[in-house]
$ cat query27.pdb   # PDB, C-alpha atoms
ATOM      1  CA  MET A   4      -4.044  -8.322   3.300  1.00  0.00           C
ATOM      2  CA  THR A   5      -1.470  -6.454   1.267  1.00  0.00           C
ATOM      3  CA  TYR A   6       2.244  -5.906   1.244  1.00  0.00           C
ATOM      4  CA  VAL A   7       4.074  -2.870   2.614  1.00  0.00           C
ATOM      5  CA  ILE A   8       7.431  -1.468   1.518  1.00  0.00           C
ATOM      6  CA  ALA A   9       9.413  -0.330   4.562  1.00  0.00           C
ATOM      7  CA  GLN A  10      12.540   1.652   5.470  1.00  0.00           C
ATOM      8  CA  PRO A  11      15.191  -0.464   3.669  1.00  0.00           C
ATOM      9  CA  CYS A  12      13.815   0.803   0.324  1.00  0.00           C
ATOM     10  CA  VAL A  13      14.052   4.512   1.137  1.00  0.00           C
ATOM     11  CA  ASP A  14      16.689   6.157  -1.080  1.00  0.00           C
ATOM     12  CA  VAL A  15      17.553   2.742  -2.589  1.00  0.00           C
ATOM     13  CA  LYS A  16      14.642   1.933  -4.960  1.00  0.00           C
ATOM     14  CA  ASP A  17      16.247  -1.189  -6.457  1.00  0.00           C
ATOM     15  CA  LYS A  18      13.061  -1.821  -8.516  1.00  0.00           C
ATOM     16  CA  ALA A  19      13.469  -5.619  -8.695  1.00  0.00           C
ATOM     17  CA  CYS A  20       9.941  -5.667  -7.244  1.00  0.00           C
ATOM     18  CA  VAL A  21       8.642  -3.681 -10.225  1.00  0.00           C
ATOM     19  CA  GLU A  22      10.143  -6.114 -12.721  1.00  0.00           C
ATOM     20  CA  GLU A  23       8.635  -9.138 -10.931  1.00  0.00           C
ATOM     21  CA  CYS A  24       5.185  -7.769 -10.076  1.00  0.00           C
ATOM     22  CA  PRO A  25       2.619  -9.564 -12.261  1.00  0.00           C
ATOM     23  CA  VAL A  26      -0.055  -6.852 -11.869  1.00  0.00           C
ATOM     24  CA  ASP A  27       2.041  -3.659 -12.079  1.00  0.00           C
ATOM     25  CA  CYS A  28       1.036  -2.420  -8.609  1.00  0.00           C
ATOM     26  CA  VAL A  29       4.424  -1.142  -7.380  1.00  0.00           C
ATOM     27  CA  TYR A  30       4.539   2.642  -7.783  1.00  0.00           C
ATOM     28  CA  GLU A  31       7.609   4.852  -7.610  1.00  0.00           C
ATOM     29  CA  GLY A  32       7.719   7.911  -5.388  1.00  0.00           C
ATOM     30  CA  GLN A  33      10.641  10.329  -5.152  1.00  0.00           C
ATOM     31  CA  ARG A  34      12.505   8.341  -2.472  1.00  0.00           C
ATOM     32  CA  SER A  35      10.684   5.024  -2.090  1.00  0.00           C
ATOM     33  CA  MET A  36       8.480   2.494  -3.825  1.00  0.00           C
ATOM     34  CA  TYR A  37       4.856   1.907  -2.746  1.00  0.00           C
ATOM     35  CA  ILE A  38       2.509  -1.059  -3.247  1.00  0.00           C
ATOM     36  CA  HIS A  39      -1.071  -0.157  -4.142  1.00  0.00           C
ATOM     37  CA  PRO A  40      -3.249  -2.006  -1.601  1.00  0.00           C
ATOM     38  CA  ASP A  41      -6.235  -2.335  -3.956  1.00  0.00           C
ATOM     39  CA  GLU A  42      -4.219  -3.530  -6.947  1.00  0.00           C
ATOM     40  CA  CYS A  43      -1.936  -6.013  -5.150  1.00  0.00           C
ATOM     41  CA  VAL A  44      -2.792  -9.712  -5.602  1.00  0.00           C
ATOM     42  CA  ASP A  45      -0.495 -10.952  -2.809  1.00  0.00           C
ATOM     43  CA  CYS A  46       2.067 -12.683  -5.000  1.00  0.00           C
ATOM     44  CA  GLU A  47       5.527 -13.684  -3.773  1.00  0.00           C
ATOM     45  CA  PRO A  48       7.483 -10.404  -3.490  1.00  0.00           C
ATOM     46  CA  VAL A  49      11.022  -9.933  -4.746  1.00  0.00           C
ATOM     47  CA  CYS A  50      13.225  -7.497  -2.849  1.00  0.00           C
ATOM     48  CA  PRO A  51      17.020  -7.671  -2.615  1.00  0.00           C
ATOM     49  CA  VAL A  52      17.074  -5.244   0.345  1.00  0.00           C
ATOM     50  CA  GLU A  53      14.313  -7.113   2.231  1.00  0.00           C
ATOM     51  CA  ALA A  54      11.966  -4.132   2.469  1.00  0.00           C
ATOM     52  CA  ILE A  55       8.650  -5.844   1.587  1.00  0.00           C
ATOM     53  CA  TYR A  56       6.457  -7.304   4.334  1.00  0.00           C
ATOM     54  CA  TYR A  57       2.910  -8.518   4.691  1.00  0.00           C
ATOM     55  CA  GLU A  58       1.045  -5.646   6.311  1.00  0.00           C
ATOM     56  CA  ASP A  59       0.514  -7.531   9.583  1.00  0.00           C
ATOM     57  CA  ASP A  60       4.120  -8.810   9.622  1.00  0.00           C
ATOM     58  CA  THR A  61       5.806  -5.427   9.286  1.00  0.00           C
ATOM     59  CA  PRO A  62       8.492  -5.163  12.008  1.00  0.00           C
ATOM     60  CA  ALA A  63       7.432  -3.033  14.987  1.00  0.00           C
ATOM     61  CA  GLU A  64      10.029  -0.347  14.261  1.00  0.00           C
ATOM     62  CA  TRP A  65       8.513   0.153  10.798  1.00  0.00           C
ATOM     63  CA  THR A  66       4.755  -0.018  11.476  1.00  0.00           C
ATOM     64  CA  GLU A  67       4.349   3.615  10.362  1.00  0.00           C
ATOM     65  CA  TYR A  68       5.174   2.420   6.840  1.00  0.00           C
ATOM     66  CA  ARG A  69       1.776   0.679   6.742  1.00  0.00           C
ATOM     67  CA  THR A  70       0.197   4.131   7.023  1.00  0.00           C
ATOM     68  CA  ALA A  71       2.641   5.705   4.569  1.00  0.00           C
ATOM     69  CA  ASN A  72       2.035   2.988   1.987  1.00  0.00           C
ATOM     70  CA  ALA A  73      -1.777   3.235   2.175  1.00  0.00           C
ATOM     71  CA  GLU A  74      -1.982   7.035   2.372  1.00  0.00           C
ATOM     72  CA  PHE A  75       0.408   7.522  -0.563  1.00  0.00           C
ATOM     73  CA  PHE A  76      -2.547   6.600  -2.791  1.00  0.00           C
ATOM     74  CA  THR A  77      -5.087   8.964  -1.195  1.00  0.00           C
ATOM     75  CA  ASP A  78      -4.681  11.651  -3.870  1.00  0.00           C
ATOM     76  CA  LEU A  79      -3.371   9.326  -6.585  1.00  0.00           C
ATOM     77  CA  GLY A  80      -6.359   6.986  -6.412  1.00  0.00           C
ATOM     78  CA  SER A  81      -6.179   3.748  -8.334  1.00  0.00           C
ATOM     79  CA  PRO A  82      -4.615   4.476 -11.719  1.00  0.00           C
ATOM     80  CA  GLY A  83      -4.724   0.794 -12.697  1.00  0.00           C
ATOM     81  CA  GLY A  84      -1.013   0.266 -13.188  1.00  0.00           C
ATOM     82  CA  ALA A  85       2.257   1.844 -12.220  1.00  0.00           C
ATOM     83  CA  ALA A  86       3.910   1.722 -15.648  1.00  0.00           C
ATOM     84  CA  ASN A  87       1.481   4.247 -17.126  1.00  0.00           C
ATOM     85  CA  GLN A  88       1.776   6.476 -14.050  1.00  0.00           C
ATOM     86  CA  GLY A  89       5.571   6.806 -14.074  1.00  0.00           C
ATOM     87  CA  LEU A  90       7.435   8.588 -11.294  1.00  0.00           C
ATOM     88  CA  VAL A  91       5.120  10.220  -8.767  1.00  0.00           C
ATOM     89  CA  GLU A  92       6.764  13.522  -7.883  1.00  0.00           C
ATOM     90  CA  HIS A  93       6.243  13.210  -4.127  1.00  0.00           C
ATOM     91  CA  ASP A  94       6.441  10.815  -1.189  1.00  0.00           C
ATOM     92  CA  HIS A  95       4.268  10.320   1.855  1.00  0.00           C
ATOM     93  CA  PRO A  96       5.277  12.859   4.560  1.00  0.00           C
ATOM     94  CA  ILE A  97       6.676  10.042   6.744  1.00  0.00           C
ATOM     95  CA  ILE A  98       9.119   9.128   3.967  1.00  0.00           C
ATOM     96  CA  ALA A  99       9.792  12.699   2.852  1.00  0.00           C
ATOM     97  CA  GLY A 100      10.691  13.682   6.432  1.00  0.00           C
ATOM     98  CA  LEU A 101      13.416  11.058   6.826  1.00  0.00           C
ATOM     99  CA  PRO A 102      17.083  12.052   6.599  1.00  0.00           C
ATOM    100  CA  VAL A 103      18.469  11.345   3.134  1.00  0.00           C
ATOM    101  CA  ARG A 104      20.481   8.135   3.032  1.00  0.00           C
ATOM    102  CA  THR A 105      23.819   8.720   1.323  1.00  0.00           C
ATOM    103  CA  GLU A 106      25.310   5.233   1.532  1.00  0.00           C
TER     104      GLU A 106
END
$ encode --input "query27.pdb" --output "structure tokens"
Amino acid sequence: MTYVIAQPCVDVKDKACVEECPVDCVYEGQRSMYIHPDECVDCEPVCPVEAIYYEDDTPAEWTEYRTANAEFFTDLGSPGGAANQGLVEHDHPIIAGLPVRTE
């Protein structure tokens, strides 16, 4: 099982999760962060906006984020660490299609 980053992260990208991740598996898209399902070791996540959930525990209103998180890596593959990858210049279409949060 892996973790999923859901709606509270969109347009926020606090990045506390990146600093705490022991295996560098939290990647940055344009509007959200994404956890690589093959690189994640299921550690204790850190998220000040409470956006990270175990895949099976994702709230019902955000289940589409399980798909968005997994499919984000379809073209990217498994680079073996987010730090070397840097900002990925796109988001999954589910995320990209959301209204921009301005708060």
$ closest_residue --input "query27.pdb" --among "A:Gly83, A:Gly89, A:Pro51, A:Pro40" --to "Lys18 in chain A" --atoms "only C-alpha atoms"
A:Pro51
$ resolve_selection --input "query27.pdb" --expression "the PyMOL selection byres ((chain A and resi 60) around 12)" --output "PyMOL selection string"
chain A and resi 4-9+54-59+61-66+68-69
$ closest_residue --input "query27.pdb" --among "A:Gln33, A:Gln10, A:Thr77, A:Thr70" --to "His93 in chain A" --atoms "only C-alpha atoms"
A:Gln33
$ residues_around --input "query27.pdb" --residues "Asp78 in chain A" --least-positions-apart "4" --cutoff "12 Å" --atoms "all atoms listed in the file" --output "PDB file with C-alpha atoms, in the frame of the given file"
ATOM      1  CA  ALA A  73      -1.777   3.235   2.175  1.00  0.00           C
ATOM      2  CA  GLU A  74      -1.982   7.035   2.372  1.00  0.00           C
ATOM      3  CA  PRO A  82      -4.615   4.476 -11.719  1.00  0.00           C
ATOM      4  CA  VAL A  91       5.120  10.220  -8.767  1.00  0.00           C
ATOM      5  CA  HIS A  93       6.243  13.210  -4.127  1.00  0.00           C
ATOM      6  CA  ASP A  94       6.441  10.815  -1.189  1.00  0.00           C
ATOM      7  CA  HIS A  95       4.268  10.320   1.855  1.00  0.00           C
TER       8      HIS A  95
END
$ closest_residue --input "query27.pdb" --among "A:Val49, A:Ala86, A:Ile97, A:Val44" --to "Cys20 in chain A" --atoms "only C-alpha atoms"
A:Val49
$ atom_distance --input "query27.pdb" --atom1 "CA of Asp41 in chain A" --atom2 "CA of Glu23 in chain A"
17.8 Å
$ decode --input "query27.pdb" --residues "range 14-28 of chain A" --atoms "all heavy atoms" --output "PDB file, in the first residue's frame"
ATOM      1  N   ASP A  14      -2.384  23.638  -5.119  1.00  0.00           N
ATOM      2  CA  ASP A  14      -2.081  25.074  -5.068  1.00  0.00           C
ATOM      3  C   ASP A  14      -1.526  25.523  -3.722  1.00  0.00           C
ATOM      4  O   ASP A  14      -1.417  26.727  -3.470  1.00  0.00           O
ATOM      5  CB  ASP A  14      -3.303  25.924  -5.451  1.00  0.00           C
ATOM      6  CG  ASP A  14      -3.726  25.704  -6.888  1.00  0.00           C
ATOM      7  OD1 ASP A  14      -2.837  25.526  -7.747  1.00  0.00           O
ATOM      8  OD2 ASP A  14      -4.947  25.692  -7.152  1.00  0.00           O
ATOM      9  N   VAL A  15      -1.153  24.576  -2.855  1.00  0.00           N
ATOM     10  CA  VAL A  15      -0.542  24.916  -1.562  1.00  0.00           C
ATOM     11  C   VAL A  15       0.927  24.493  -1.567  1.00  0.00           C
ATOM     12  O   VAL A  15       1.807  25.294  -1.307  1.00  0.00           O
ATOM     13  CB  VAL A  15      -1.304  24.256  -0.390  1.00  0.00           C
ATOM     14  CG1 VAL A  15      -0.563  24.483   0.931  1.00  0.00           C
ATOM     15  CG2 VAL A  15      -2.717  24.784  -0.306  1.00  0.00           C
ATOM     16  N   LYS A  16       1.187  23.213  -1.838  1.00  0.00           N
ATOM     17  CA  LYS A  16       2.529  22.639  -1.921  1.00  0.00           C
ATOM     18  C   LYS A  16       3.446  23.123  -0.795  1.00  0.00           C
ATOM     19  O   LYS A  16       4.499  23.697  -1.027  1.00  0.00           O
ATOM     20  CB  LYS A  16       3.150  22.921  -3.285  1.00  0.00           C
ATOM     21  CG  LYS A  16       2.412  22.284  -4.420  1.00  0.00           C
ATOM     22  CD  LYS A  16       3.116  22.318  -5.762  1.00  0.00           C
ATOM     23  CE  LYS A  16       3.953  23.485  -6.085  1.00  0.00           C
ATOM     24  NZ  LYS A  16       4.534  23.439  -7.424  1.00  0.00           N
ATOM     25  N   ASP A  17       3.070  22.854   0.436  1.00  0.00           N
ATOM     26  CA  ASP A  17       3.850  23.247   1.607  1.00  0.00           C
ATOM     27  C   ASP A  17       5.261  22.656   1.596  1.00  0.00           C
ATOM     28  O   ASP A  17       6.208  23.288   2.033  1.00  0.00           O
ATOM     29  CB  ASP A  17       3.102  22.832   2.874  1.00  0.00           C
ATOM     30  CG  ASP A  17       3.901  23.072   4.117  1.00  0.00           C
ATOM     31  OD1 ASP A  17       3.918  24.222   4.579  1.00  0.00           O
ATOM     32  OD2 ASP A  17       4.540  22.116   4.608  1.00  0.00           O
ATOM     33  N   LYS A  18       5.408  21.443   1.129  1.00  0.00           N
ATOM     34  CA  LYS A  18       6.672  20.713   0.971  1.00  0.00           C
ATOM     35  C   LYS A  18       7.291  20.209   2.275  1.00  0.00           C
ATOM     36  O   LYS A  18       8.429  19.757   2.284  1.00  0.00           O
ATOM     37  CB  LYS A  18       7.692  21.517   0.177  1.00  0.00           C
ATOM     38  CG  LYS A  18       7.266  21.815  -1.230  1.00  0.00           C
ATOM     39  CD  LYS A  18       8.375  22.502  -1.993  1.00  0.00           C
ATOM     40  CE  LYS A  18       7.859  23.004  -3.327  1.00  0.00           C
ATOM     41  NZ  LYS A  18       8.866  23.761  -4.038  1.00  0.00           N
ATOM     42  N   ALA A  19       6.573  20.277   3.395  1.00  0.00           N
ATOM     43  CA  ALA A  19       7.072  19.660   4.625  1.00  0.00           C
ATOM     44  C   ALA A  19       7.272  18.163   4.404  1.00  0.00           C
ATOM     45  O   ALA A  19       8.191  17.556   4.959  1.00  0.00           O
ATOM     46  CB  ALA A  19       6.123  19.914   5.787  1.00  0.00           C
ATOM     47  N   CYS A  20       6.429  17.570   3.567  1.00  0.00           N
ATOM     48  CA  CYS A  20       6.537  16.140   3.254  1.00  0.00           C
ATOM     49  C   CYS A  20       7.860  15.830   2.560  1.00  0.00           C
ATOM     50  O   CYS A  20       8.479  14.799   2.813  1.00  0.00           O
ATOM     51  CB  CYS A  20       5.361  15.685   2.408  1.00  0.00           C
ATOM     52  SG  CYS A  20       5.109  16.643   0.893  1.00  0.00           S
ATOM     53  N   VAL A  21       8.306  16.721   1.702  1.00  0.00           N
ATOM     54  CA  VAL A  21       9.564  16.523   0.972  1.00  0.00           C
ATOM     55  C   VAL A  21      10.731  16.511   1.947  1.00  0.00           C
ATOM     56  O   VAL A  21      11.613  15.655   1.876  1.00  0.00           O
ATOM     57  CB  VAL A  21       9.758  17.637  -0.086  1.00  0.00           C
ATOM     58  CG1 VAL A  21      11.131  17.560  -0.719  1.00  0.00           C
ATOM     59  CG2 VAL A  21       8.668  17.567  -1.140  1.00  0.00           C
ATOM     60  N   GLU A  22      10.726  17.448   2.875  1.00  0.00           N
ATOM     61  CA  GLU A  22      11.816  17.563   3.844  1.00  0.00           C
ATOM     62  C   GLU A  22      11.897  16.350   4.764  1.00  0.00           C
ATOM     63  O   GLU A  22      12.985  15.968   5.183  1.00  0.00           O
ATOM     64  CB  GLU A  22      11.644  18.837   4.658  1.00  0.00           C
ATOM     65  CG  GLU A  22      11.765  20.093   3.827  1.00  0.00           C
ATOM     66  CD  GLU A  22      11.370  21.355   4.582  1.00  0.00           C
ATOM     67  OE1 GLU A  22      11.313  21.320   5.816  1.00  0.00           O
ATOM     68  OE2 GLU A  22      11.114  22.369   3.910  1.00  0.00           O
ATOM     69  N   GLU A  23      10.757  15.728   5.070  1.00  0.00           N
ATOM     70  CA  GLU A  23      10.715  14.601   5.997  1.00  0.00           C
ATOM     71  C   GLU A  23      10.829  13.238   5.339  1.00  0.00           C
ATOM     72  O   GLU A  23      11.108  12.254   6.009  1.00  0.00           O
ATOM     73  CB  GLU A  23       9.428  14.657   6.824  1.00  0.00           C
ATOM     74  CG  GLU A  23       9.358  15.832   7.769  1.00  0.00           C
ATOM     75  CD  GLU A  23      10.431  15.788   8.854  1.00  0.00           C
ATOM     76  OE1 GLU A  23      10.744  14.686   9.367  1.00  0.00           O
ATOM     77  OE2 GLU A  23      10.968  16.862   9.182  1.00  0.00           O
ATOM     78  N   CYS A  24      10.617  13.146   4.043  1.00  0.00           N
ATOM     79  CA  CYS A  24      10.615  11.849   3.365  1.00  0.00           C
ATOM     80  C   CYS A  24      12.022  11.238   3.368  1.00  0.00           C
ATOM     81  O   CYS A  24      12.953  11.815   2.806  1.00  0.00           O
ATOM     82  CB  CYS A  24      10.120  11.997   1.926  1.00  0.00           C
ATOM     83  SG  CYS A  24      10.120  10.431   1.026  1.00  0.00           S
ATOM     84  N   PRO A  25      12.171  10.043   3.959  1.00  0.00           N
ATOM     85  CA  PRO A  25      13.507   9.450   4.044  1.00  0.00           C
ATOM     86  C   PRO A  25      14.014   8.832   2.739  1.00  0.00           C
ATOM     87  O   PRO A  25      15.198   8.524   2.627  1.00  0.00           O
ATOM     88  CB  PRO A  25      13.335   8.360   5.113  1.00  0.00           C
ATOM     89  CG  PRO A  25      11.902   7.961   5.003  1.00  0.00           C
ATOM     90  CD  PRO A  25      11.169   9.231   4.643  1.00  0.00           C
ATOM     91  N   VAL A  26      13.128   8.658   1.748  1.00  0.00           N
ATOM     92  CA  VAL A  26      13.549   8.022   0.492  1.00  0.00           C
ATOM     93  C   VAL A  26      13.360   8.918  -0.726  1.00  0.00           C
ATOM     94  O   VAL A  26      13.474   8.457  -1.854  1.00  0.00           O
ATOM     95  CB  VAL A  26      12.834   6.669   0.281  1.00  0.00           C
ATOM     96  CG1 VAL A  26      13.266   5.666   1.341  1.00  0.00           C
ATOM     97  CG2 VAL A  26      11.332   6.822   0.260  1.00  0.00           C
ATOM     98  N   ASP A  27      13.051  10.183  -0.520  1.00  0.00           N
ATOM     99  CA  ASP A  27      12.966  11.162  -1.613  1.00  0.00           C
ATOM    100  C   ASP A  27      11.960  10.745  -2.690  1.00  0.00           C
ATOM    101  O   ASP A  27      12.243  10.800  -3.874  1.00  0.00           O
ATOM    102  CB  ASP A  27      14.357  11.360  -2.221  1.00  0.00           C
ATOM    103  CG  ASP A  27      14.453  12.548  -3.152  1.00  0.00           C
ATOM    104  OD1 ASP A  27      13.711  13.533  -2.951  1.00  0.00           O
ATOM    105  OD2 ASP A  27      15.272  12.491  -4.095  1.00  0.00           O
ATOM    106  N   CYS A  28      10.747  10.336  -2.253  1.00  0.00           N
ATOM    107  CA  CYS A  28       9.755   9.851  -3.210  1.00  0.00           C
ATOM    108  C   CYS A  28       8.587  10.815  -3.418  1.00  0.00           C
ATOM    109  O   CYS A  28       7.602  10.464  -4.060  1.00  0.00           O
ATOM    110  CB  CYS A  28       9.218   8.485  -2.783  1.00  0.00           C
ATOM    111  SG  CYS A  28       8.146   8.519  -1.348  1.00  0.00           S
TER     112      CYS A  28
END
